[in-house]
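Student: Structure file upload-v1.cif (mmCIF, C-alpha atoms) right here:
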```
data_structure
loop_
_atom_site.label_atom_id
_atom_site.label_comp_id
_atom_site.auth_asym_id
_atom_site.auth_seq_id
_atom_site.Cartn_x
_atom_site.Cartn_y
_atom_site.Cartn_z
CA MET A 1372 27.88 -17.18 -26.65
CA SER A 1373 26.54 -15.02 -23.76
CA LYS A 1374 25.49 -12.34 -26.29
CA ARG A 1375 23.47 -14.97 -28.14
CA PHE A 1376 21.71 -15.96 -24.90
CA GLN A 1377 20.86 -12.33 -24.22
CA ASP A 1378 19.53 -11.77 -27.74
CA THR A 1379 17.32 -14.85 -27.49
CA ALA A 1380 15.99 -13.78 -24.09
CA ARG A 1381 15.10 -10.32 -25.43
CA ARG A 1382 13.39 -11.80 -28.50
CA VAL A 1383 11.29 -14.17 -26.35
CA LEU A 1384 10.24 -11.41 -23.99
CA ARG A 1385 9.26 -9.13 -26.89
CA LEU A 1386 7.20 -11.86 -28.54
CA GLU A 1387 5.41 -12.74 -25.32
CA ALA A 1388 4.87 -9.08 -24.39
CA ASP A 1389 3.36 -8.47 -27.83
CA ALA A 1390 1.11 -11.51 -27.44
CA VAL A 1391 -0.29 -10.15 -24.19
CA ALA A 1392 -0.62 -6.59 -25.55
CA GLU A 1393 -2.62 -7.82 -28.54
CA LEU A 1394 -5.23 -9.30 -26.21
CA ILE A 1395 -6.33 -5.82 -25.17
CA ASP A 1396 -8.18 -5.22 -28.45
CA SER A 1397 -9.93 -8.59 -28.15
CA ILE A 1398 -11.72 -7.64 -24.92
CA ASP A 1399 -15.48 -7.45 -25.51
CA THR A 1400 -18.80 -8.48 -23.97
CA HIS A 1401 -17.56 -12.07 -23.67
CA ILE A 1402 -15.52 -10.91 -20.67
CA ASP A 1403 -18.67 -9.38 -19.15
CA ARG A 1404 -20.60 -12.62 -19.57
CA ALA A 1405 -17.78 -14.77 -18.18
CA CYS A 1406 -17.34 -12.52 -15.13
CA GLU A 1407 -21.10 -12.44 -14.48
CA LEU A 1408 -21.24 -16.24 -14.55
CA MET A 1409 -18.38 -16.54 -12.05
CA LEU A 1410 -19.51 -13.63 -9.87
CA HIS A 1411 -23.00 -15.03 -9.38
CA CYS A 1412 -21.88 -18.65 -9.07
CA SER A 1413 -23.15 -20.07 -5.77
CA GLY A 1414 -20.53 -22.83 -5.85
CA ARG A 1415 -16.91 -22.73 -7.01
CA VAL A 1416 -15.11 -21.93 -10.25
CA ILE A 1417 -13.61 -25.24 -11.40
CA VAL A 1418 -10.61 -24.72 -13.66
CA THR A 1419 -9.42 -27.52 -15.92
CA GLY A 1420 -6.83 -28.01 -18.64
CA MET A 1421 -4.32 -30.56 -19.89
CA GLY A 1422 -0.54 -30.33 -20.13
CA LYS A 1423 0.86 -26.79 -20.14
CA SER A 1424 -2.70 -25.41 -20.20
CA GLY A 1425 -3.30 -27.41 -17.04
CA HIS A 1426 -0.33 -25.81 -15.31
CA ILE A 1427 -1.65 -22.38 -16.29
CA GLY A 1428 -5.14 -23.37 -15.15
CA ASP A 1429 -3.80 -24.48 -11.78
CA LYS A 1430 -2.26 -21.06 -11.26
CA ILE A 1431 -5.44 -19.27 -12.39
CA ALA A 1432 -7.45 -21.31 -9.88
CA ALA A 1433 -5.02 -20.32 -7.13
CA THR A 1434 -5.24 -16.65 -8.11
CA LEU A 1435 -9.03 -16.74 -8.16
CA ALA A 1436 -9.16 -18.42 -4.75
CA SER A 1437 -6.78 -15.92 -3.16
CA THR A 1438 -8.68 -12.92 -4.53
CA GLY A 1439 -12.16 -13.78 -3.31
CA THR A 1440 -13.52 -16.24 -5.89
CA PRO A 1441 -13.70 -19.80 -4.47
CA SER A 1442 -11.92 -21.99 -6.99
CA PHE A 1443 -9.84 -25.12 -7.45
CA PHE A 1444 -8.23 -27.07 -10.27
CA VAL A 1445 -9.49 -30.45 -11.51
CA HIS A 1446 -7.29 -32.49 -13.86
CA PRO A 1447 -9.42 -33.47 -16.88
CA ALA A 1448 -8.01 -37.00 -17.13
CA GLU A 1449 -8.68 -37.62 -13.44
CA ALA A 1450 -12.14 -36.11 -13.90
CA SER A 1451 -13.01 -38.91 -16.33
CA HIS A 1452 -12.03 -41.45 -13.68
CA GLY A 1453 -14.06 -40.23 -10.74
CA ASP A 1454 -13.04 -36.64 -10.01
CA LEU A 1455 -16.08 -35.31 -11.88
CA GLY A 1456 -17.81 -35.95 -8.59
CA MET A 1457 -16.02 -32.86 -7.28
CA ILE A 1458 -18.03 -30.68 -9.66
CA THR A 1459 -21.60 -29.77 -8.68
CA PRO A 1460 -24.44 -28.08 -10.56
CA ASP A 1461 -23.76 -24.95 -8.49
CA ASP A 1462 -20.28 -24.61 -10.00
CA VAL A 1463 -18.94 -22.97 -13.14
CA VAL A 1464 -16.20 -24.67 -15.20
CA LEU A 1465 -13.40 -22.67 -16.80
CA ALA A 1466 -11.61 -24.86 -19.38
CA LEU A 1467 -8.32 -24.03 -21.07
CA SER A 1468 -7.01 -25.53 -24.30
CA ASN A 1469 -4.99 -23.67 -26.92
CA SER A 1470 -6.20 -25.92 -29.72
CA GLY A 1471 -9.68 -26.29 -28.31
CA GLU A 1472 -9.55 -29.95 -29.29
CA THR A 1473 -7.85 -31.52 -26.26
CA HIS A 1474 -9.39 -34.99 -25.95
CA GLU A 1475 -9.30 -35.18 -22.15
CA VAL A 1476 -11.15 -31.87 -21.85
CA LEU A 1477 -13.71 -32.64 -24.56
CA SER A 1478 -14.50 -36.02 -23.00
CA ILE A 1479 -16.01 -34.42 -19.87
CA LEU A 1480 -18.23 -31.95 -21.77
CA PRO A 1481 -21.23 -34.32 -22.18
CA VAL A 1482 -21.44 -34.78 -18.41
CA LEU A 1483 -21.21 -31.03 -17.81
CA LYS A 1484 -23.98 -30.43 -20.36
CA ARG A 1485 -26.19 -33.12 -18.89
CA ARG A 1486 -25.84 -31.68 -15.39
CA GLY A 1487 -26.41 -28.12 -16.58
CA ILE A 1488 -23.00 -26.85 -15.41
CA PRO A 1489 -22.03 -23.61 -17.21
CA LEU A 1490 -18.83 -23.76 -19.25
CA ILE A 1491 -16.41 -20.92 -20.01
CA SER A 1492 -13.59 -21.73 -22.42
CA ILE A 1493 -10.27 -20.05 -23.15
CA THR A 1494 -8.77 -21.22 -26.43
CA GLY A 1495 -6.67 -19.93 -29.29
CA ARG A 1496 -9.22 -21.10 -31.91
CA PRO A 1497 -12.75 -19.64 -31.81
CA GLU A 1498 -13.88 -22.28 -34.34
CA SER A 1499 -12.73 -25.19 -32.18
CA THR A 1500 -15.02 -27.75 -30.55
CA LEU A 1501 -14.39 -26.48 -27.03
CA ALA A 1502 -15.08 -22.88 -28.06
CA ARG A 1503 -18.34 -23.83 -29.78
CA GLN A 1504 -19.54 -25.98 -26.88
CA ALA A 1505 -19.01 -23.26 -24.24
CA GLU A 1506 -21.63 -20.82 -23.02
CA VAL A 1507 -18.91 -18.18 -23.16
CA HIS A 1508 -15.72 -18.36 -25.20
CA ILE A 1509 -12.78 -16.05 -24.49
CA PRO A 1510 -10.35 -16.04 -27.43
CA VAL A 1511 -6.65 -15.97 -26.57
CA THR A 1512 -5.06 -16.15 -29.99
CA VAL A 1513 -1.36 -15.46 -30.55
CA ARG A 1514 0.41 -14.89 -33.87
CA GLU A 1515 3.37 -17.09 -32.98
CA GLU A 1516 4.94 -18.97 -30.14
CA ALA A 1517 8.26 -17.73 -28.79
CA CYS A 1518 9.65 -21.18 -29.59
CA PRO A 1519 11.66 -20.87 -32.86
CA HIS A 1520 9.80 -23.91 -34.21
CA ASN A 1521 6.44 -22.34 -33.26
CA LEU A 1522 5.65 -25.51 -31.33
CA ALA A 1523 6.39 -25.28 -27.58
CA PRO A 1524 3.59 -23.48 -25.72
CA THR A 1525 5.20 -20.19 -24.74
CA SER A 1526 3.44 -17.06 -26.00
CA SER A 1527 0.09 -18.86 -25.85
CA THR A 1528 0.47 -19.95 -22.22
CA THR A 1529 1.72 -16.50 -21.17
CA ALA A 1530 -1.30 -14.90 -22.85
CA ALA A 1531 -3.70 -17.37 -21.22
CA LEU A 1532 -2.17 -16.70 -17.81
CA ALA A 1533 -2.53 -12.94 -18.32
CA MET A 1534 -6.18 -13.39 -19.31
CA GLY A 1535 -6.74 -15.44 -16.17
CA ASP A 1536 -5.26 -12.61 -14.12
CA ALA A 1537 -7.54 -10.13 -15.90
CA LEU A 1538 -10.61 -12.20 -14.99
CA ALA A 1539 -9.48 -12.63 -11.38
CA ILE A 1540 -8.84 -8.93 -10.82
CA ALA A 1541 -12.09 -7.93 -12.53
CA LEU A 1542 -13.91 -10.21 -10.08
CA LEU A 1543 -11.84 -8.90 -7.16
CA GLU A 1544 -12.95 -5.35 -7.92
CA ALA A 1545 -16.57 -6.39 -8.46
CA ARG A 1546 -16.61 -8.07 -5.04
CA GLY A 1547 -14.95 -5.11 -3.30
CA PHE A 1548 -12.25 -7.51 -2.12
CA SER A 1549 -9.87 -5.50 0.11
CA ALA A 1550 -6.23 -5.83 1.10
CA GLU A 1551 -7.44 -7.00 4.53
CA ASP A 1552 -9.52 -9.73 2.86
CA PHE A 1553 -6.43 -10.77 0.91
CA ALA A 1554 -4.39 -10.95 4.09
CA LEU A 1555 -6.93 -13.27 5.72
CA SER A 1556 -6.19 -15.87 3.07
CA HIS A 1557 -2.42 -15.27 3.36
CA PRO A 1558 -1.81 -15.23 7.13
CA GLY A 1559 1.59 -16.87 6.80
CA GLY A 1560 2.97 -14.44 4.24
CA SER A 1561 4.63 -11.09 4.73
CA LEU A 1562 1.49 -9.29 3.55
CA GLY A 1563 -0.58 -11.16 6.11
CA ARG A 1564 1.80 -10.17 8.88
CA ARG A 1565 1.70 -6.55 7.80
CA LEU A 1566 -2.08 -6.41 7.59
CA LEU A 1567 -3.10 -8.65 10.48
CA LEU A 1568 -0.56 -8.17 13.26
CA THR A 1569 -1.38 -5.40 15.72
CA VAL A 1570 0.88 -3.77 18.28
CA ASP A 1571 -0.98 -5.80 20.92
CA ASP A 1572 0.44 -8.98 19.32
CA VAL A 1573 4.08 -7.93 19.60
CA MET A 1574 4.31 -5.47 22.51
CA HIS A 1575 5.86 -6.17 25.92
CA ALA A 1576 3.03 -5.95 28.45
CA GLY A 1577 2.36 -6.69 32.11
CA GLU A 1578 5.51 -7.47 34.06
CA ARG A 1579 7.56 -7.11 30.86
CA LEU A 1580 6.55 -3.45 30.40
CA PRO A 1581 9.27 -1.05 31.60
CA CYS A 1582 7.41 1.58 33.60
CA VAL A 1583 8.13 3.81 36.62
CA SER A 1584 6.35 6.69 38.34
CA HIS A 1585 7.39 10.31 37.85
CA ASP A 1586 8.96 10.58 41.33
CA THR A 1587 11.17 7.49 40.94
CA PRO A 1588 14.86 8.24 41.54
CA LEU A 1589 16.90 8.24 38.35
CA ARG A 1590 19.01 5.39 39.76
CA ASP A 1591 15.95 3.11 40.06
CA ALA A 1592 14.66 4.14 36.64
CA LEU A 1593 17.98 3.12 35.12
CA LEU A 1594 17.64 -0.25 36.82
CA GLU A 1595 14.17 -0.66 35.24
CA VAL A 1596 15.58 0.14 31.78
CA SER A 1597 18.36 -2.39 32.28
CA GLN A 1598 16.16 -5.19 33.63
CA LYS A 1599 13.42 -4.93 30.97
CA GLY A 1600 15.93 -4.76 28.11
CA LEU A 1601 14.07 -2.43 25.76
CA GLY A 1602 16.40 0.54 26.08
CA MET A 1603 13.65 2.72 27.54
CA THR A 1604 11.04 3.07 30.25
CA ALA A 1605 7.63 4.71 30.36
CA ILE A 1606 7.04 7.28 33.13
CA THR A 1607 3.59 7.83 34.61
CA ASP A 1608 2.08 10.74 36.50
CA ALA A 1609 0.20 10.50 39.80
CA ASP A 1610 -2.93 9.31 37.95
CA GLY A 1611 -1.11 6.53 36.10
CA ARG A 1612 -1.18 8.31 32.74
CA LEU A 1613 1.88 8.53 30.52
CA ALA A 1614 3.93 11.58 31.47
CA GLY A 1615 7.11 10.89 29.57
CA ILE A 1616 9.77 8.46 28.44
CA PHE A 1617 13.42 7.90 29.29
CA THR A 1618 15.72 6.10 26.84
CA ASP A 1619 19.35 5.06 26.52
CA GLY A 1620 19.84 8.16 24.40
CA ASP A 1621 18.50 10.34 27.23
CA LEU A 1622 21.01 8.75 29.59
CA ARG A 1623 23.92 9.79 27.39
CA ARG A 1624 22.63 13.37 27.43
CA VAL A 1625 22.20 13.26 31.23
CA LEU A 1626 25.84 12.24 31.68
CA ASP A 1627 26.83 15.58 30.11
CA GLN A 1628 24.86 17.46 32.78
CA PRO A 1629 26.98 17.57 35.97
CA GLN A 1630 24.17 19.19 37.98
CA ILE A 1631 22.11 15.98 37.71
CA ASP A 1632 22.52 13.59 40.63
CA LEU A 1633 22.30 10.11 39.10
CA ARG A 1634 21.29 8.62 42.46
CA GLU A 1635 18.77 11.07 43.85
CA SER A 1636 17.36 13.19 41.02
CA PRO A 1637 13.77 12.20 40.11
CA ILE A 1638 13.27 10.72 36.68
CA SER A 1639 10.79 13.52 35.91
CA ALA A 1640 13.70 15.98 35.88
CA VAL A 1641 15.36 14.30 32.89
CA MET A 1642 12.55 12.50 31.06
CA THR A 1643 11.28 13.44 27.61
CA SER A 1644 7.75 14.78 28.01
CA GLY A 1645 5.03 14.20 25.42
CA PRO A 1646 6.70 11.20 23.76
CA VAL A 1647 5.55 9.67 20.49
CA VAL A 1648 3.06 6.88 21.26
CA ILE A 1649 0.70 4.50 19.49
CA ARG A 1650 -2.72 3.34 20.60
CA THR A 1651 -3.67 -0.27 21.25
CA GLY A 1652 -5.32 -2.03 18.32
CA HIS A 1653 -3.22 -0.27 15.70
CA LEU A 1654 -1.37 -2.35 13.14
CA ALA A 1655 2.23 -3.26 13.85
CA ALA A 1656 2.99 -1.94 10.36
CA GLU A 1657 1.74 1.46 11.51
CA ALA A 1658 4.14 1.34 14.44
CA LEU A 1659 6.96 0.65 11.99
CA LYS A 1660 5.95 3.63 9.86
CA VAL A 1661 5.86 5.92 12.91
CA MET A 1662 9.31 4.79 14.05
CA GLU A 1663 10.78 5.28 10.59
CA GLN A 1664 9.25 8.75 10.21
CA LYS A 1665 10.29 9.92 13.69
CA LYS A 1666 13.68 8.14 13.51
CA ILE A 1667 13.14 6.39 16.83
CA ASN A 1668 13.72 2.78 17.86
CA GLY A 1669 10.89 2.24 20.32
CA LEU A 1670 7.29 3.15 21.11
CA ILE A 1671 5.07 3.16 24.16
CA VAL A 1672 1.61 1.68 23.56
CA VAL A 1673 -1.20 3.48 25.41
CA ASP A 1674 -4.89 2.79 25.95
CA GLU A 1675 -7.78 5.21 25.39
CA ASP A 1676 -7.03 6.87 28.74
CA ALA A 1677 -3.37 7.50 27.81
CA ARG A 1678 -2.19 4.87 30.28
CA PRO A 1679 0.87 2.86 29.16
CA VAL A 1680 -0.04 -0.78 28.54
CA GLY A 1681 2.87 -1.95 26.42
CA ALA A 1682 6.13 -1.14 24.72
CA LEU A 1683 7.87 -2.35 21.59
CA ASN A 1684 11.00 -1.67 19.62
CA MET A 1685 12.37 -2.32 16.16
CA HIS A 1686 13.73 -5.72 17.19
CA ASP A 1687 10.21 -6.85 18.11
CA LEU A 1688 8.97 -5.88 14.65
CA LEU A 1689 11.90 -7.67 13.03
CA ARG A 1690 11.17 -10.86 14.96
CA ALA A 1691 7.49 -10.64 13.98
CA GLY A 1692 8.40 -10.34 10.28
CA VAL A 1693 6.82 -6.89 9.90
CA VAL A 1694 10.06 -5.26 8.77
#
```
Would you mind writing the structure in this file as structure tokens?

Tutor:
Amino acid sequence: MSKRFQDTARRVLRLEADAVAELIDSIDTHIDRACELMLHCSGRVIVTGMGKSGHIGDKIAATLASTGTPSFFVHPAEASHGDLGMITPDDVVLALSNSGETHEVLSILPVLKRRGIPLISITGRPESTLARQAEVHIPVTVREEACPHNLAPTSSTTAALAMGDALAIALLEARGFSAEDFALSHPGGSLGRRLLLTVDDVMHAGERLPCVSHDTPLRDALLEVSQKGLGMTAITDADGRLAGIFTDGDLRRVLDQPQIDLRESPISAVMTSGPVVIRTGHLAAEALKVMEQKKINGLIVVDEDARPVGALNMHDLLRAGVV
């Protein structure tokens, strides 16, 4: 039985992959016209569709909105009972219907026409009513559904979704929409954390920053490392600039040097000079990359004058969701 399930899954994926691939040759100036309408729309792109087409339309609206094209989904049945008030003459409507004859969608067309609201349609039948009534029609025709009865919307909905993605990304590129722009609309996601969080947001600063002067006895420096709990301390010179760093790893090496007096030797005698640092304002993701490349677990954050202002380690990045 499991072999039969696998065979069916492969057949469905091949059929749907073929349906999407066949759309490539259908791309023509209709795509240009549709994108121009949406790009220059001063309002929002209103997506509508019924049933499975509605579910696909809802996702297309979400993709458009998250990639720089203001958009939302309006259910066509609800539109006929008051929600048409959400649509303004500044908007563009993108309507989906495989048959192009969906009653709930067709019933709102007279109002759209009367108010002069541009209509873009995506259907599987260029001769359908919806296709003929639209300013721009984008054909998404499939040879067969993946359903063995050729009834359940499968290949057709996958193809429509892919076409929606194609429109959204074409508009994204036309707008010059950047990864930073994307992050601003996804602040709660992992991408948002990677692109928005800076080292300033996660570093230990002020009283929480482990820091001692270069002439501090090693004994007191060890106490600073222990109290601040980051496994390291920054060391400053007489002018307050970063002179070096001392870590737990350095302590293990010091213990193998009998000539070092753990109580009286100055920290400058055992510190690591010229440590790897990161400047304030840099992304936390950049700090992660530096630590991975240098195979270190912590970083000192310095200002433009090379003065230590913060410190962070891998645990801080883990807690912030950057890792």

Student: Find the distance between CA of Asp1536 in chain A and CA of Val1476 in chain A and write it in Å to one decimal.

Tutor: 21.6 Å

Student: Tell me, as a PyMOL selection string, which residues lie within 6 Å of Thr1494 in chain A, counting all atoms listed in the file; anything in the same chain fewer than 5 positions away does not count.

Tutor: chain A and resi 1468-1469+1471+1510-1511

Student: Got a sec to resolve the PyMOL selection byres ((chain A and resi 1434) around 12) on this structure and send the residues as an MDAnalysis selection string?

Tutor: chainID A and resid 1416 1418 1427:1433 1435:1444 1532:1543 1553 1556:1557

Student: Just want the 6 Å neighbourhood of range 1565-1575 of chain A, counted on all atoms listed in the file, with same-chain residues fewer than 6 positions away dropped. Output as a PyMOL selection string.

Tutor: chain A and resi 1652-1656+1681-1683+1693

Student: Can you pull out every residue within 10 Å of Asp1586 in chain A, counting all atoms listed in the file, but drop anything in the same chain fewer than 3 positions away, and send it as a PyMOL selection string?

Tutor: chain A and resi 1583+1589+1592+1606-1609+1636-1640

Student: If you count only C-alpha atoms, which residues fall within 7 Å of range 1404-1412 of chain A, apart from same-chain ones fewer than 3 positions away, as a PDB file with C-alpha atoms, keeping the file's coordinate frame?

Tutor:
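The resulting file, selection.pdb, is shown below:
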```pdb
ATOM      1  CA  THR A1400     -18.800  -8.480 -23.970  1.00  0.00           C
ATOM      2  CA  HIS A1401     -17.560 -12.070 -23.670  1.00  0.00           C
ATOM      3  CA  ARG A1415     -16.910 -22.730  -7.010  1.00  0.00           C
ATOM      4  CA  VAL A1416     -15.110 -21.930 -10.250  1.00  0.00           C
ATOM      5  CA  ASP A1461     -23.760 -24.950  -8.490  1.00  0.00           C
ATOM      6  CA  ASP A1462     -20.280 -24.610 -10.000  1.00  0.00           C
ATOM      7  CA  VAL A1463     -18.940 -22.970 -13.140  1.00  0.00           C
ATOM      8  CA  ILE A1491     -16.410 -20.920 -20.010  1.00  0.00           C
ATOM      9  CA  VAL A1507     -18.910 -18.180 -23.160  1.00  0.00           C
ATOM     10  CA  LEU A1538     -10.610 -12.200 -14.990  1.00  0.00           C
ATOM     11  CA  LEU A1542     -13.910 -10.210 -10.080  1.00  0.00           C
TER      12      LEU A1542
END
```

Student: Using all atoms listed in the file for the distances, tell me which of A:Asp1687, A:Pro1629, A:Leu1594, A:Asp1389 is nearest to Thr1512 in chain A.

Tutor: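 Smallest separation from Thr1512 in chain A among the options: A:Asp1389.
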
Student: Run the PyMOL selection byres ((chain A and resi 1671) around 12) against the file shown and list the residues it catches, as number ranges by chain.

Tutor: A: 1570-1571, 1574-1576, 1580-1582, 1601-1607, 1612-1618, 1645-1651, 1658, 1661-1662, 1667-1670, 1672-1674, 1677-1684

Student: Any idea what's packed within 9 Å of Pro1524 in chain A, counting only C-alpha atoms, ignoring anything in its chain fewer than 6 positions away? Could you give it as a PyMOL selection string?

Tutor: chain A and resi 1423-1424+1469+1516-1518

Student: Mind pulling up the distance from CA of Glu1498 in chain A to CA of Pro1460 in chain A?

Tutor: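 A separation of 26.7 Å between them.
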
Student: Quote the spacing between CA of Met1421 in chain A and CA of Ile1402 in chain A in Å to one decimal place.

Tutor: 22.6 Å

Student: Applied to the shown file, which residues does the PyMOL selection byres ((chain A and resi 1480) around 12) return, written as a PDB file with C-alpha atoms, in the frame of the given file?

Tutor:
```pdb
ATOM      1  CA  THR A1419      -9.420 -27.520 -15.920  1.00  0.00           C
ATOM      2  CA  PRO A1447      -9.420 -33.470 -16.880  1.00  0.00           C
ATOM      3  CA  ALA A1450     -12.140 -36.110 -13.900  1.00  0.00           C
ATOM      4  CA  SER A1451     -13.010 -38.910 -16.330  1.00  0.00           C
ATOM      5  CA  LEU A1455     -16.080 -35.310 -11.880  1.00  0.00           C
ATOM      6  CA  VAL A1464     -16.200 -24.670 -15.200  1.00  0.00           C
ATOM      7  CA  LEU A1465     -13.400 -22.670 -16.800  1.00  0.00           C
ATOM      8  CA  ALA A1466     -11.610 -24.860 -19.380  1.00  0.00           C
ATOM      9  CA  GLU A1472      -9.550 -29.950 -29.290  1.00  0.00           C
ATOM     10  CA  THR A1473      -7.850 -31.520 -26.260  1.00  0.00           C
ATOM     11  CA  HIS A1474      -9.390 -34.990 -25.950  1.00  0.00           C
ATOM     12  CA  GLU A1475      -9.300 -35.180 -22.150  1.00  0.00           C
ATOM     13  CA  VAL A1476     -11.150 -31.870 -21.850  1.00  0.00           C
ATOM     14  CA  LEU A1477     -13.710 -32.640 -24.560  1.00  0.00           C
ATOM     15  CA  SER A1478     -14.500 -36.020 -23.000  1.00  0.00           C
ATOM     16  CA  ILE A1479     -16.010 -34.420 -19.870  1.00  0.00           C
ATOM     17  CA  PRO A1481     -21.230 -34.320 -22.180  1.00  0.00           C
ATOM     18  CA  VAL A1482     -21.440 -34.780 -18.410  1.00  0.00           C
ATOM     19  CA  LEU A1483     -21.210 -31.030 -17.810  1.00  0.00           C
ATOM     20  CA  LYS A1484     -23.980 -30.430 -20.360  1.00  0.00           C
ATOM     21  CA  ARG A1485     -26.190 -33.120 -18.890  1.00  0.00           C
ATOM     22  CA  ARG A1486     -25.840 -31.680 -15.390  1.00  0.00           C
ATOM     23  CA  GLY A1487     -26.410 -28.120 -16.580  1.00  0.00           C
ATOM     24  CA  ILE A1488     -23.000 -26.850 -15.410  1.00  0.00           C
ATOM     25  CA  PRO A1489     -22.030 -23.610 -17.210  1.00  0.00           C
ATOM     26  CA  LEU A1490     -18.830 -23.760 -19.250  1.00  0.00           C
ATOM     27  CA  ILE A1491     -16.410 -20.920 -20.010  1.00  0.00           C
ATOM     28  CA  SER A1492     -13.590 -21.730 -22.420  1.00  0.00           C
ATOM     29  CA  THR A1500     -15.020 -27.750 -30.550  1.00  0.00           C
ATOM     30  CA  LEU A1501     -14.390 -26.480 -27.030  1.00  0.00           C
ATOM     31  CA  ALA A1502     -15.080 -22.880 -28.060  1.00  0.00           C
ATOM     32  CA  ARG A1503     -18.340 -23.830 -29.780  1.00  0.00           C
ATOM     33  CA  GLN A1504     -19.540 -25.980 -26.880  1.00  0.00           C
ATOM     34  CA  ALA A1505     -19.010 -23.260 -24.240  1.00  0.00           C
ATOM     35  CA  GLU A1506     -21.630 -20.820 -23.020  1.00  0.00           C
TER      36      GLU A1506
END
```
